[in-house]
Each structure stands twice: as structure tokens, then as C-alpha cells.
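*Asks:* I am attaching a structure below and will ask some questions about it afterwards.
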Amino acid sequence: MSEDRAADEQSDGARVAVKLSPDALSALTKDILEDSLYNIIHSAVLSCHRSEKMLRMQSAATQAESVALSTLEPQSQLAKAAASQPTQPAAETAAARYENGHVHLKGNPLKTTPEITCPHCKLPRLMHPIMGKGMQNPDLTKEYCMLYPWVQRQGHDVYGNPFPTDMAKSKKERELIKQQQKNAEKESVGTPGSQDTDMAGGDGSTQGREIKLNTGGKPASYIPWHTCPNCKRSLLITRFAQHLEKCLGISGRQSSRNAMAKLAGQNGNGSGTGMGNTPLGSRMGTPVPGSQGDTNPKSKGKGVSPVKRLGDDDEDGENDTPERKKKKKSSYVKKADREKQGKEGGGTLKVKLKANGTSKEDRKASESTERSEGKRDREDGDMDGAPTKKKIKLSLGKGDSGSAPSGSQASKDDAK
Amino acid sequence: MDAISATPKAASLASPKVVKNSKGAIVPSSQMAYVEYGCEHMRDMMENARKPTLHNYKAILQDIHEKPSVIAQTYKSPPAAGDGRPVVSLRPLYLCLQCPSVLPEAERDQHAEAKLHCFSVESRDGHIYCGNCQDFIYDPDLELRRLQKGKKRRHDDTITTDEAKLVVSNSTFLPCRAIGLRGLYNMGQTCFMSVILQTLIHNPFVRNFYLAEGHRTVDCEKEACVSCALDEMFVEFHSVEKTEGFGAVSMLLGSWLAAEALAGYQQQDAHEYMQFILNALHLSNGGTSKTDCDCIVHRTFYGKLSSTVTCDKCRNVTATLDPYMDLSLDIRNQGKKRKAAHQDANGDDAAFKELDLRECLERFTSREKLAAAEYTCQNCDGGQNATKQLSIKRLPPVLPIHLKRFEHTKSASSKIETKVKFPMKIDLYPYTSQYKASITKAAKLSNPNANANYNVNTPTNSIQYELSSVIVHKGKMDSGHYVSYSREGNDWFLFDDSKVVLVNEKEVLGAEAYLLFYMVGSLEV
């Protein structure tokens, strides 16, 4: 056998190697290989055996304890009433014996304890994932420990929640969903529109009924809101960094780059060209209109007049470079003026329509922040089609360097 | 899997609810029932002969782990079948717990029956086999000793009954699901932050520190404290029955306020952020500027690198010790040298596109020639050619390894996309100062195995580290995305912003790693 060979090898090694027959080496190699594979499998199996058996040992103990304590309950109350010594709890299950706080196994827990009981909540654990790879429909009449086996399913996380889809969606798609959502129902914040069918489908595979199995997460379209610790405004979490940059008045390297460009060129448009050079610039271009949007709907949501809003923006702008502040301010004045006119009925048709729309929403809105977000999106969307678009874009989005050299704003900048 | 936490703070978050079992009886929730003995037979054994059993088991464990392996792997062939001569086996053998017999698997049960010696110890890991159960058993007491490899615990953490009562009365039930597996929402190019945070959250040393109230937000007076923000995350991740992502808003705010260079709506380098956050956590957890600071960050990540420079002329050695929090390894192709070596071997061009982590570490700690212009010898008083060598003087419990994928030259920055293979387990001994010193000594004595103990289970010259986290940068230089992998127990999870996915080891090992975290395999306590 292999053991003999190994011994041979040792003794031979000590003496002379000549005694080995020509086949010995190949036989020896084969034996060593086989033994090595055996050892690898042995330790892999043993480590799995260990974790499974220990889980069941624990479960047997937990079950025995639960039985003991459930029978103890009325007795101890009696004992308390009698104010005498409490009775020692004792119980016996098929797998273990519970005596006075000590649990002793009976038999092999791998045989006696098929079910795993959570040692913390004392409820049985689900043995199979609730969906995806290896799923099995559990007995839904029972209550289970919330720590489910991990789900492995395409497009779902370990709990079985669908991946958030909204992040990747464009503004228009999000808008569409919000619209559908609004049409569908009017109350809760995170209830999804079209995504919901997806979610229901996922649950449906696990019985479809309204049962206790739950993944604990949110539908795919859900994005949480968070209050900015700095300005106390409520924002979509996905926009947070963008907002915070403006809110704290730090613009990182970009601001210094802008400043450098400004110093070098003594020209307002310099910053624009500077951005054009780097790939970052193209991404940096977006925050500006976004942040403006962030400030706007909120104040509108609160029902603040355009004049008040103007003041807000001034505060916001204080941290910015004078150049920027000036620009921003001027644009806001224009916009505010326009809206004021719109409300007074003196604006363009487009603007008027928008104003109507928003006020309607305000009335409808139950969760003002949520609605205002949707409103902002639409507002931006409307503006895309509005005749005034170019002007605004240019004055706000510095990234759009020279994309629209028409309009008075541009010439003003050039003059600076 | 610490679903029970004794922290009052966590208690205030989770509603202190009473747990009832199916029959409606109140269950003491903060108490875990456990079995006393591995099986009925072990119970008899321990109740009747506890001392000799423990003594024998300890002796066997020491044989297995300290003596040359050939001792535990040799048995006498049975007189009936053979001539009773000793036989060495590669497969596990069984050492009887009650007598000095060593038996192969085939004779194990026979011995138990014939001599009524029911227990035997498996010769590779020290697992106990019960002949009556016909199965391996895991006795709590003996298992503790097995994991200590027969050594004495230096620090006993025995809890007195008073302390146990205190724990029971001060802890609340926490949801079983809250085991720290949650995603982090991308707040707009913040994935560089998320991956580092996930790695910290799944670092057992850091986690234990925070879950044991290492940093109390109540007592912290710092504004926008990064440590408080991390504490908030730990509490949230380990006490709330939510499975969706988490918005690390206060962490973002704290980081931005503390580090101007990292602030702003743009993608950052995860390695840079890690350096920042480790420093910030060091400062906010009672860190001192002394070299041996005992804050949690230093206890977990702090190591020392030895750098020796030997003058080629006078052989004068100057050694310096530098602290490190991570090892930055060069992964550039080694140009002509590598190429030549490989072409000699097989002339295969594809072969050297792939690097191995051990190769990088080898290169990092190899000798390096310094030109006379670069080095001034104090002895010779002038520029001299010299040999420089780096080696690890002190290893931290968690070793972060940074692969220099981003190359910055004056004109441009670029990403090196070389595939670097990395193992699940790594022996770091060959990169230590001790090893480097031993090979020079061994060369002098011409005895390469001077301090080997010939034990395959716990070889003396081996420091085993296990992979615990991997941070991956996907995509190009400045438009990429970070994701991370972390291990919880034996399961690997992918953290991609708010998504958490179970993955297999193959996927982890195939990832284009940027930062690797290796954790020490075992610690003596």
C-alpha cells in the first residue's frame, strides 16, 4: 500500500537508492498524488461537516432550552406567587436534555436535528433560498428567523431585492416613472410605478401571497432622500455629492482650475475652455444646472416668492468666486423676473404653462420634497424646449463653452 | 454573526422587545443555549476523567503541531497482517486519546471496540473521532484547545457569572438579519469612498472596536467627526432590519471637511482616501504621534519596513525602520530584464503580461543597486556604490497591499491594466527581515534548514495570511468605477454601490485588483 511505499522511500533514502525497481517511481508518484488528493478532500469535507454539525448542536440546545422554558413559564409564575424557591427547569427532546441551564446531547445531532434553529430569535431558519438558485418554497404556515439563506439571482441582491434601477435611468425615464406613479396612486413616497410589477413578480415566485417572507428592501425604483446636514434641504441621495459641493462652497480642484484659467486669461470664457481640455470637465458641467435646480424647487415647495428665492441664491453664491456669483446672480434675476412675469401673466406662453403645472402639483403634493423633485425634472425638461433655453444654459452651464454664442449674455461675458 | 450586542447605544436604536417562542412563552433573548459536551460518550469521559483527558489531548496536539510530522504520521503495521514494523502514512492517522496507539483509519474502529478506547485524534488538524458515535465530534472545551494548538492562552477571557448576568440584563435583541451586509448608495461619484468603507466595515478588528463602543459619539466633541460617522454606520448596519443601501452622508461631509484635497464632486483615488480615513480615524480615536500608538487603526494596520543599505566598499550597513500602513507594489513590466528571462525560458510573449503578487513582493524586497551618486557612505565619506534592500520588520494583523495601477508622469497619467494574480492564502515569511537575515546566515553556515521543525501542520517559518478584501477599479483612468469584495466567514460578497451580491472565490481571484487586504490567519490570544 501507499504507506509501505512511503516507508520504503524513507529507509531507502537513508541507505541506497539502487534497490528501487524501475516501476517504483511511477507507483510512488501515483500514491503520493492519491494521498494528497485524499487529504485535500478529507479536510474540505471535514470543515463542512464541522460547521454543519456545530450548527445542529447549537440548534438541539436551543430547541431543548425553548421547550424547557416554555413549560417553566407558568410554574415560575406560581413560584413567584408563592415566594418560594423557583423550580429547576428541565426538558427533554429527541436530540438533547435540558437540566438546570445545562444541555446535554442525546445521539448524533446530524441525525436527530434536521432543522436549524436560530440561537438568537429561537425561530427555525429557512434551509433554502427564497428565490433564484436552489430556491424551494418554504412551509409558509411557520415563522422563520429573518436570516434567510443568501439569494443568488440575476439582478437581485443577497436578500432577494431587485437592484436599484433608477440610478442608471435618464432624467426623462425617471420622469416617466414618476408620472405613472402619480397617476397610479397618491400616497406613499417610495411606492414604485412600473418597477413594481417586477417586484411583484419576484415575490410571486415565492408564493405571491402576502406572507411573512420578506426581503426587507425597497423596490428597484426607490432612491432614498436625505436631509443635507449643512442646509437642511432634502435631496435625492444620488445627488448628494453634487449638492454638498455647492453647499459647502468647495469645488475641489475644479475651482482652482477655474481660478487659474481666469487669472491667465482675464476672461470669463477662459474657464470654459479650461474645462474642455479634460474629460472631467464634461462631467463637471452638469452640476451647475443641477444645483440651481436643487435650490429652486425647494423654495417653491415652501411657497416662497420669487423675490425671496433670489435672496437665497445670493447666500448660496457667497462662497463662489466673484465671477461666478455675478454670473449666477444675473441669471437668477432673469429667471426670477421671467417667472414673476409668468405669474403675473406677462410671460411667454411656455412659461405660463409651466407655472400652472407646478401650482397644480403643489396642491396635490402630500410629500412635498418628493413632488418637488419630479417638478424640477419636468421643469428642466420643459426648459429644454423653451425658446429661452439657450440663454439660461449659457449663463449657468459654464461647461457649455461657446456652444451657443448667440444672445446678449454671451456677448456680455465676452466683453468682460 | 454578532447578533447580540451589549452596547447601550445599539440598544437605544433597536426596540427592546420581548421574544416569545411559538407557544407564547417568554424566552431569555440575550442568552444563547449551548451544549455542554460533544456527545454523550464524551460527557461520560469528561465527567469521570476530565483531567487525564485534557492532559492527553494537549499532549497529542503538541505532538501534531510542534514535533516533526513524521512522528504523528507513523504507525505500526498490525502484527497479524505484517511484521509490526513502522509505516509512515501521508493520509491522516488516528492517535488514541487513551493510550499511545497510532492507528490508520481502517483499524481505528477495531481498536475502539477491542480496547474500549472510544476516542481518537485525527493527526492533521487534531479533530476528535468518537468510536461510539462513529463520527467526528466537536466538544466545546476540547475544540477551544484544538484551535489553540495545545498552547496555553495568554489572556483568559473567562466571563464570571456576575459579568454574564450583567451582559444579559444590559443587552437587547437585535434582528438576526442585521449582520452588516448592506450596500452604500452612490451619492454621485462617491464609490471610491464606499469601497474603503465597506472594507473597514468588514474588517473584524475595526468592527469589534466599534461594536464594543470604542468610539462613543456621545462623548465626542469633534464637529463632523469621521469616527462618529463610521460609528453611526456600524450601529446602523448591525442593529436595523433594513436591507437596502445606506447613505453615508455624514461620512461624506466629515471627509470633505477634513480633507480639502478629497472634497468635491469628482472621482477620487480609493488608495488616497484610505490613507486619509485611516489617519482621520487614528486622530479621532486617541491617536498619538508616538511610534507605538495604540489606537485601533495602528493596532490593525501599522507595520514597520526595514531598509538596509550596504556600502559595496566598506560593507558598512545602515538600517532604518519606516512605518507603513500599506505596501505599495510596482506592477510595471520590468522591461528588458523580465523579457530576457522569459525568452530564455520559453520565449512566450504572453507569459509575462501576467504578474503574480508573490512576484511583486519578491521584487519589492529584493536587493537593489544604488549608484554612487545616490548614496553617500558615512564611513567611506563619499559617494559609493551600495546595495539597498527592503524587508518587512513588523507585520500588522491586516496588511493592505496597494498595486500601483495609476502611473503619473509629468505629461500624462495612465492606468496599468496588467493582470496581477493573487492567492487566497499567502505566506509572508519570505518577505520578512527575519527571513532575509536567516538566508544570509544560512549561506554562511551552509545549512539552509537551520530552524525548521519538520512539521507540516504548523511549520515554524511560515506566516499565513488570508485574503479578506479586494478593491477593484474598473474602467479607464478618470472615468472608472470602484467595487469591492469582502469575505464574511467563508462567503464572499461583492459590494457595488448599493448592491450586495454573493460571489464565488473564482470571481474574486479573477478580479483586476487595485487594493488587496490580507488578514492574519490565526492569532495567539
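Naming works like this for the C-alpha cells: A, B, ... for the chains as they're shown, residue 1 at the start of each chain, ligands 1 onward in shown order.
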At a cut-off of 6 Å, list the chain A residues touching chain B, using only C-alpha atoms, as JSON, numbers by chain.
*Replies:* {"A": [3, 6, 7, 35, 58, 61, 62, 70, 103, 104, 105, 119, 146, 147, 157, 158, 216, 217, 237, 238, 239, 240, 241, 242, 245, 251, 252]}
*Asks:* Using DSSP on the backbone, list every residue of stretch 119-159 of chain B that comes out as helix (DSSP H, G or I), and give them as a list in words.
*Replies:*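 Those residues are Pro140, Asp141, Leu142, Glu143, Leu144, Arg145, Arg146 and Leu147 of chain B.
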*Asks:* How would you write, as an MDAnalysis selection string, the set of residues in stretch 87-119 of chain A that DSSP gives as strand (DSSP E or B)?
*Replies:* chainID A and resid 90:92 96:99 102:105 117
*Asks:* Save the residues we just selected, N, CA, C and O atoms, as a compact mmCIF listing (two decimals), in the first residue's frame?
*Replies:*
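Produced file out_29.txt, reproduced below:
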# COMPACT_ATOMS: atom_id res chain seq x y z
N ALA A 90 -36.53 21.82 33.36
CA ALA A 90 -35.97 20.62 32.75
C ALA A 90 -36.84 20.23 31.57
O ALA A 90 -38.05 20.46 31.58
N ALA A 91 -36.20 19.69 30.56
CA ALA A 91 -36.98 19.26 29.40
C ALA A 91 -36.15 18.27 28.61
O ALA A 91 -34.94 18.20 28.75
N GLU A 92 -36.84 17.51 27.81
CA GLU A 92 -36.14 16.53 27.00
C GLU A 92 -36.72 16.52 25.60
O GLU A 92 -37.93 16.47 25.41
N ALA A 96 -31.76 16.31 22.72
CA ALA A 96 -30.99 16.80 23.86
C ALA A 96 -31.82 16.81 25.13
O ALA A 96 -33.05 16.74 25.09
N ARG A 97 -31.11 16.92 26.24
CA ARG A 97 -31.77 17.00 27.53
C ARG A 97 -31.35 18.32 28.18
O ARG A 97 -30.16 18.67 28.18
N TYR A 98 -32.33 19.04 28.67
CA TYR A 98 -32.05 20.32 29.32
C TYR A 98 -32.29 20.18 30.80
O TYR A 98 -33.37 19.82 31.23
N GLU A 99 -31.24 20.43 31.58
CA GLU A 99 -31.40 20.34 33.03
C GLU A 99 -30.72 21.54 33.67
O GLU A 99 -29.51 21.72 33.52
N HIS A 102 -28.14 23.47 31.84
CA HIS A 102 -27.15 22.72 31.07
C HIS A 102 -27.84 21.85 30.04
O HIS A 102 -28.87 21.23 30.32
N VAL A 103 -27.25 21.79 28.86
CA VAL A 103 -27.83 20.98 27.80
C VAL A 103 -26.87 19.84 27.47
O VAL A 103 -25.68 20.06 27.28
N HIS A 104 -27.39 18.66 27.42
CA HIS A 104 -26.58 17.50 27.06
C HIS A 104 -27.17 16.84 25.83
O HIS A 104 -28.39 16.65 25.74
N LEU A 105 -26.30 16.49 24.90
CA LEU A 105 -26.76 15.88 23.66
C LEU A 105 -27.20 14.45 23.89
O LEU A 105 -26.68 13.75 24.75
N THR A 117 -32.20 25.87 14.19
CA THR A 117 -32.92 26.90 14.93
C THR A 117 -31.95 28.03 15.26
O THR A 117 -30.83 27.78 15.69
*Asks:* Could you tell me how far atom CA of A:Met131 sits from atom CA of A:Arg153, in Å to one decimal place?
*Replies:*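 The value is 7.1 Å.
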*Asks:* Could you tell me how far atom CA of B:Leu321 sits from atom CA of B:His402, in Å to one decimal place?
*Replies:*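 Computing the Euclidean distance for atom CA of B:His402 and atom CA of B:Leu321 yields 19.7 Å.
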*Asks:* Counting only C-alpha atoms, which of A:Ser221, A:Gln63, A:Asn183, A:Ser47 gets nearest to A:Lys122?
*Replies:* A:Gln63
*Asks:* When you look at B:Asn455 with a cut-off of 9 Å (counting only C-alpha atoms), what residues show up, excluding the ones that are within fewer than 2 positions of it in the same chain? I need them as a PyMOL selection string.
*Replies:* chain B and resi 64-70+452-453+457-460
*Asks:* For A:Tyr148, which of A:Ile177, A:Leu126, A:Met135, A:Leu213 is the closest residue, counting only C-alpha atoms?
*Replies:*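 Among the listed residues, A:Leu126 lies closest to A:Tyr148.
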*Asks:* Taking 6 positions as the minimum chain separation for residues in the same chain, which residues sit within 12 Å of B:Lys476 when counting only C-alpha atoms? Answer as a VMD selection string.
*Replies:* (chain A and resid 279) or (chain B and resid 267 405 to 406 413 to 417 482)
*Asks:* List the neighbours of stretch 191-200 of chain B out to 7 Å using only C-alpha atoms; skip same-chain residues closer than 4 positions along the sequence, and give me the result as a list in words.
*Replies:*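 In the requested form, the answer reads Leu184, Asn186, Val206, Gln268, Asp269, Ala270, Tyr273, Met274, Ser469, Ile471, His481, Tyr482, Val483, Ser484, Ser486 and Asp497 of chain B.
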*Asks:* Could the residues in this selection be saved with all heavy atoms as a CSV table (one decimal), in the first residue's frame?
*Replies:*
chain,number,residue,atom,x,y,z
B,184,LEU,N,-23.9,50.7,0.0
B,184,LEU,CA,-23.8,52.1,0.2
B,184,LEU,C,-24.2,52.8,-1.1
B,184,LEU,O,-23.7,52.6,-2.1
B,184,LEU,CB,-22.4,52.5,0.6
B,184,LEU,CG,-21.9,52.0,2.0
B,184,LEU,CD1,-20.4,52.2,2.1
B,184,LEU,CD2,-22.6,52.8,3.1
B,186,ASN,N,-24.4,55.3,-4.0
B,186,ASN,CA,-23.5,56.2,-4.6
B,186,ASN,C,-24.1,57.6,-4.6
B,186,ASN,O,-25.2,57.8,-5.2
B,186,ASN,CB,-23.3,55.8,-6.1
B,186,ASN,CG,-22.1,56.5,-6.7
B,186,ASN,OD1,-21.7,57.6,-6.3
B,186,ASN,ND2,-21.4,55.8,-7.6
B,206,VAL,N,-11.6,46.3,13.3
B,206,VAL,CA,-12.3,47.6,13.3
B,206,VAL,C,-13.7,47.4,13.8
B,206,VAL,O,-14.2,48.2,14.7
B,206,VAL,CB,-12.3,48.3,11.9
B,206,VAL,CG1,-13.0,49.6,12.0
B,206,VAL,CG2,-10.8,48.4,11.5
B,268,GLN,N,-12.3,60.2,-7.0
B,268,GLN,CA,-11.0,60.2,-6.3
B,268,GLN,C,-10.3,58.9,-6.3
B,268,GLN,O,-11.0,57.9,-6.6
B,268,GLN,CB,-11.2,60.7,-4.9
B,268,GLN,CG,-11.8,62.1,-4.7
B,268,GLN,CD,-10.8,63.2,-5.0
B,268,GLN,OE1,-9.6,62.9,-5.2
B,268,GLN,NE2,-11.3,64.4,-5.0
B,269,ASP,N,-9.1,58.9,-5.9
B,269,ASP,CA,-8.4,57.7,-5.8
B,269,ASP,C,-8.7,57.0,-4.4
B,269,ASP,O,-8.6,57.6,-3.4
B,269,ASP,CB,-6.9,58.0,-5.8
B,269,ASP,CG,-6.0,56.8,-5.7
B,269,ASP,OD1,-6.5,55.7,-6.1
B,269,ASP,OD2,-4.9,56.9,-5.2
B,270,ALA,N,-9.1,55.7,-4.5
B,270,ALA,CA,-9.5,55.0,-3.3
B,270,ALA,C,-8.3,54.8,-2.3
B,270,ALA,O,-8.5,54.9,-1.1
B,270,ALA,CB,-10.1,53.6,-3.7
B,273,TYR,N,-7.9,57.9,-0.5
B,273,TYR,CA,-9.0,58.1,0.5
B,273,TYR,C,-8.7,57.2,1.7
B,273,TYR,O,-8.9,57.6,2.9
B,273,TYR,CB,-10.3,57.8,-0.1
B,273,TYR,CG,-11.5,58.0,0.9
B,273,TYR,CD1,-11.9,59.3,1.3
B,273,TYR,CD2,-12.1,56.9,1.5
B,273,TYR,CE1,-12.9,59.5,2.2
B,273,TYR,CE2,-13.1,57.1,2.5
B,273,TYR,CZ,-13.4,58.4,2.8
B,273,TYR,OH,-14.4,58.6,3.7
B,274,MET,N,-8.2,56.0,1.5
B,274,MET,CA,-7.9,55.1,2.6
B,274,MET,C,-6.9,55.7,3.5
B,274,MET,O,-7.0,55.7,4.7
B,274,MET,CB,-7.4,53.8,2.0
B,274,MET,CG,-7.1,52.7,3.1
B,274,MET,SD,-6.6,51.2,2.5
B,274,MET,CE,-4.9,51.5,2.2
B,469,SER,N,-10.2,41.2,1.8
B,469,SER,CA,-11.0,42.1,0.9
B,469,SER,C,-10.2,42.5,-0.3
B,469,SER,O,-9.0,42.4,-0.3
B,469,SER,CB,-11.2,43.5,1.7
B,469,SER,OG,-12.3,43.3,2.5
B,471,ILE,N,-10.3,45.4,-3.5
B,471,ILE,CA,-10.9,46.6,-4.1
B,471,ILE,C,-10.5,46.6,-5.6
B,471,ILE,O,-9.3,46.5,-5.9
B,471,ILE,CB,-10.5,47.9,-3.4
B,471,ILE,CG1,-11.2,47.9,-2.0
B,471,ILE,CG2,-10.9,49.1,-4.2
B,471,ILE,CD1,-10.9,49.1,-1.1
B,481,HIS,N,-14.9,53.0,-12.2
B,481,HIS,CA,-15.9,52.7,-11.1
B,481,HIS,C,-15.2,51.7,-10.2
B,481,HIS,O,-14.4,50.9,-10.6
B,481,HIS,CB,-17.1,52.1,-11.7
B,481,HIS,CG,-18.2,51.8,-10.7
B,481,HIS,ND1,-18.6,52.7,-9.8
B,481,HIS,CD2,-18.8,50.6,-10.4
B,481,HIS,CE1,-19.5,52.1,-9.0
B,481,HIS,NE2,-19.6,50.9,-9.3
B,482,TYR,N,-15.4,52.0,-8.9
B,482,TYR,CA,-14.8,51.1,-7.9
B,482,TYR,C,-15.9,50.1,-7.4
B,482,TYR,O,-17.0,50.5,-7.1
B,482,TYR,CB,-14.3,51.9,-6.7
B,482,TYR,CG,-13.0,52.6,-6.9
B,482,TYR,CD1,-12.9,54.0,-7.0
B,482,TYR,CD2,-11.8,51.9,-6.9
B,482,TYR,CE1,-11.7,54.6,-7.2
B,482,TYR,CE2,-10.6,52.5,-7.1
B,482,TYR,CZ,-10.5,53.9,-7.2
B,482,TYR,OH,-9.3,54.5,-7.3
B,483,VAL,N,-15.5,48.8,-7.2
B,483,VAL,CA,-16.3,47.9,-6.5
B,483,VAL,C,-15.4,47.2,-5.5
B,483,VAL,O,-14.2,47.2,-5.7
B,483,VAL,CB,-17.0,46.9,-7.4
B,483,VAL,CG1,-17.9,47.5,-8.4
B,483,VAL,CG2,-16.0,46.0,-8.2
B,484,SER,N,-16.0,46.5,-4.6
B,484,SER,CA,-15.1,45.8,-3.6
B,484,SER,C,-15.7,44.4,-3.3
B,484,SER,O,-16.9,44.2,-3.4
B,484,SER,CB,-14.9,46.6,-2.3
B,484,SER,OG,-16.1,46.6,-1.6
B,486,SER,N,-15.6,41.5,-0.2
B,486,SER,CA,-15.2,41.2,1.2
B,486,SER,C,-15.7,39.8,1.6
B,486,SER,O,-16.7,39.4,1.2
B,486,SER,CB,-15.7,42.3,2.1
B,486,SER,OG,-15.0,43.4,2.0
B,497,ASP,N,-21.7,49.7,-5.0
B,497,ASP,CA,-22.6,50.8,-4.5
B,497,ASP,C,-23.6,50.2,-3.6
B,497,ASP,O,-23.2,49.6,-2.6
B,497,ASP,CB,-23.2,51.6,-5.7
B,497,ASP,CG,-22.2,52.4,-6.4
B,497,ASP,OD1,-21.2,52.8,-5.8
B,497,ASP,OD2,-22.5,52.8,-7.6
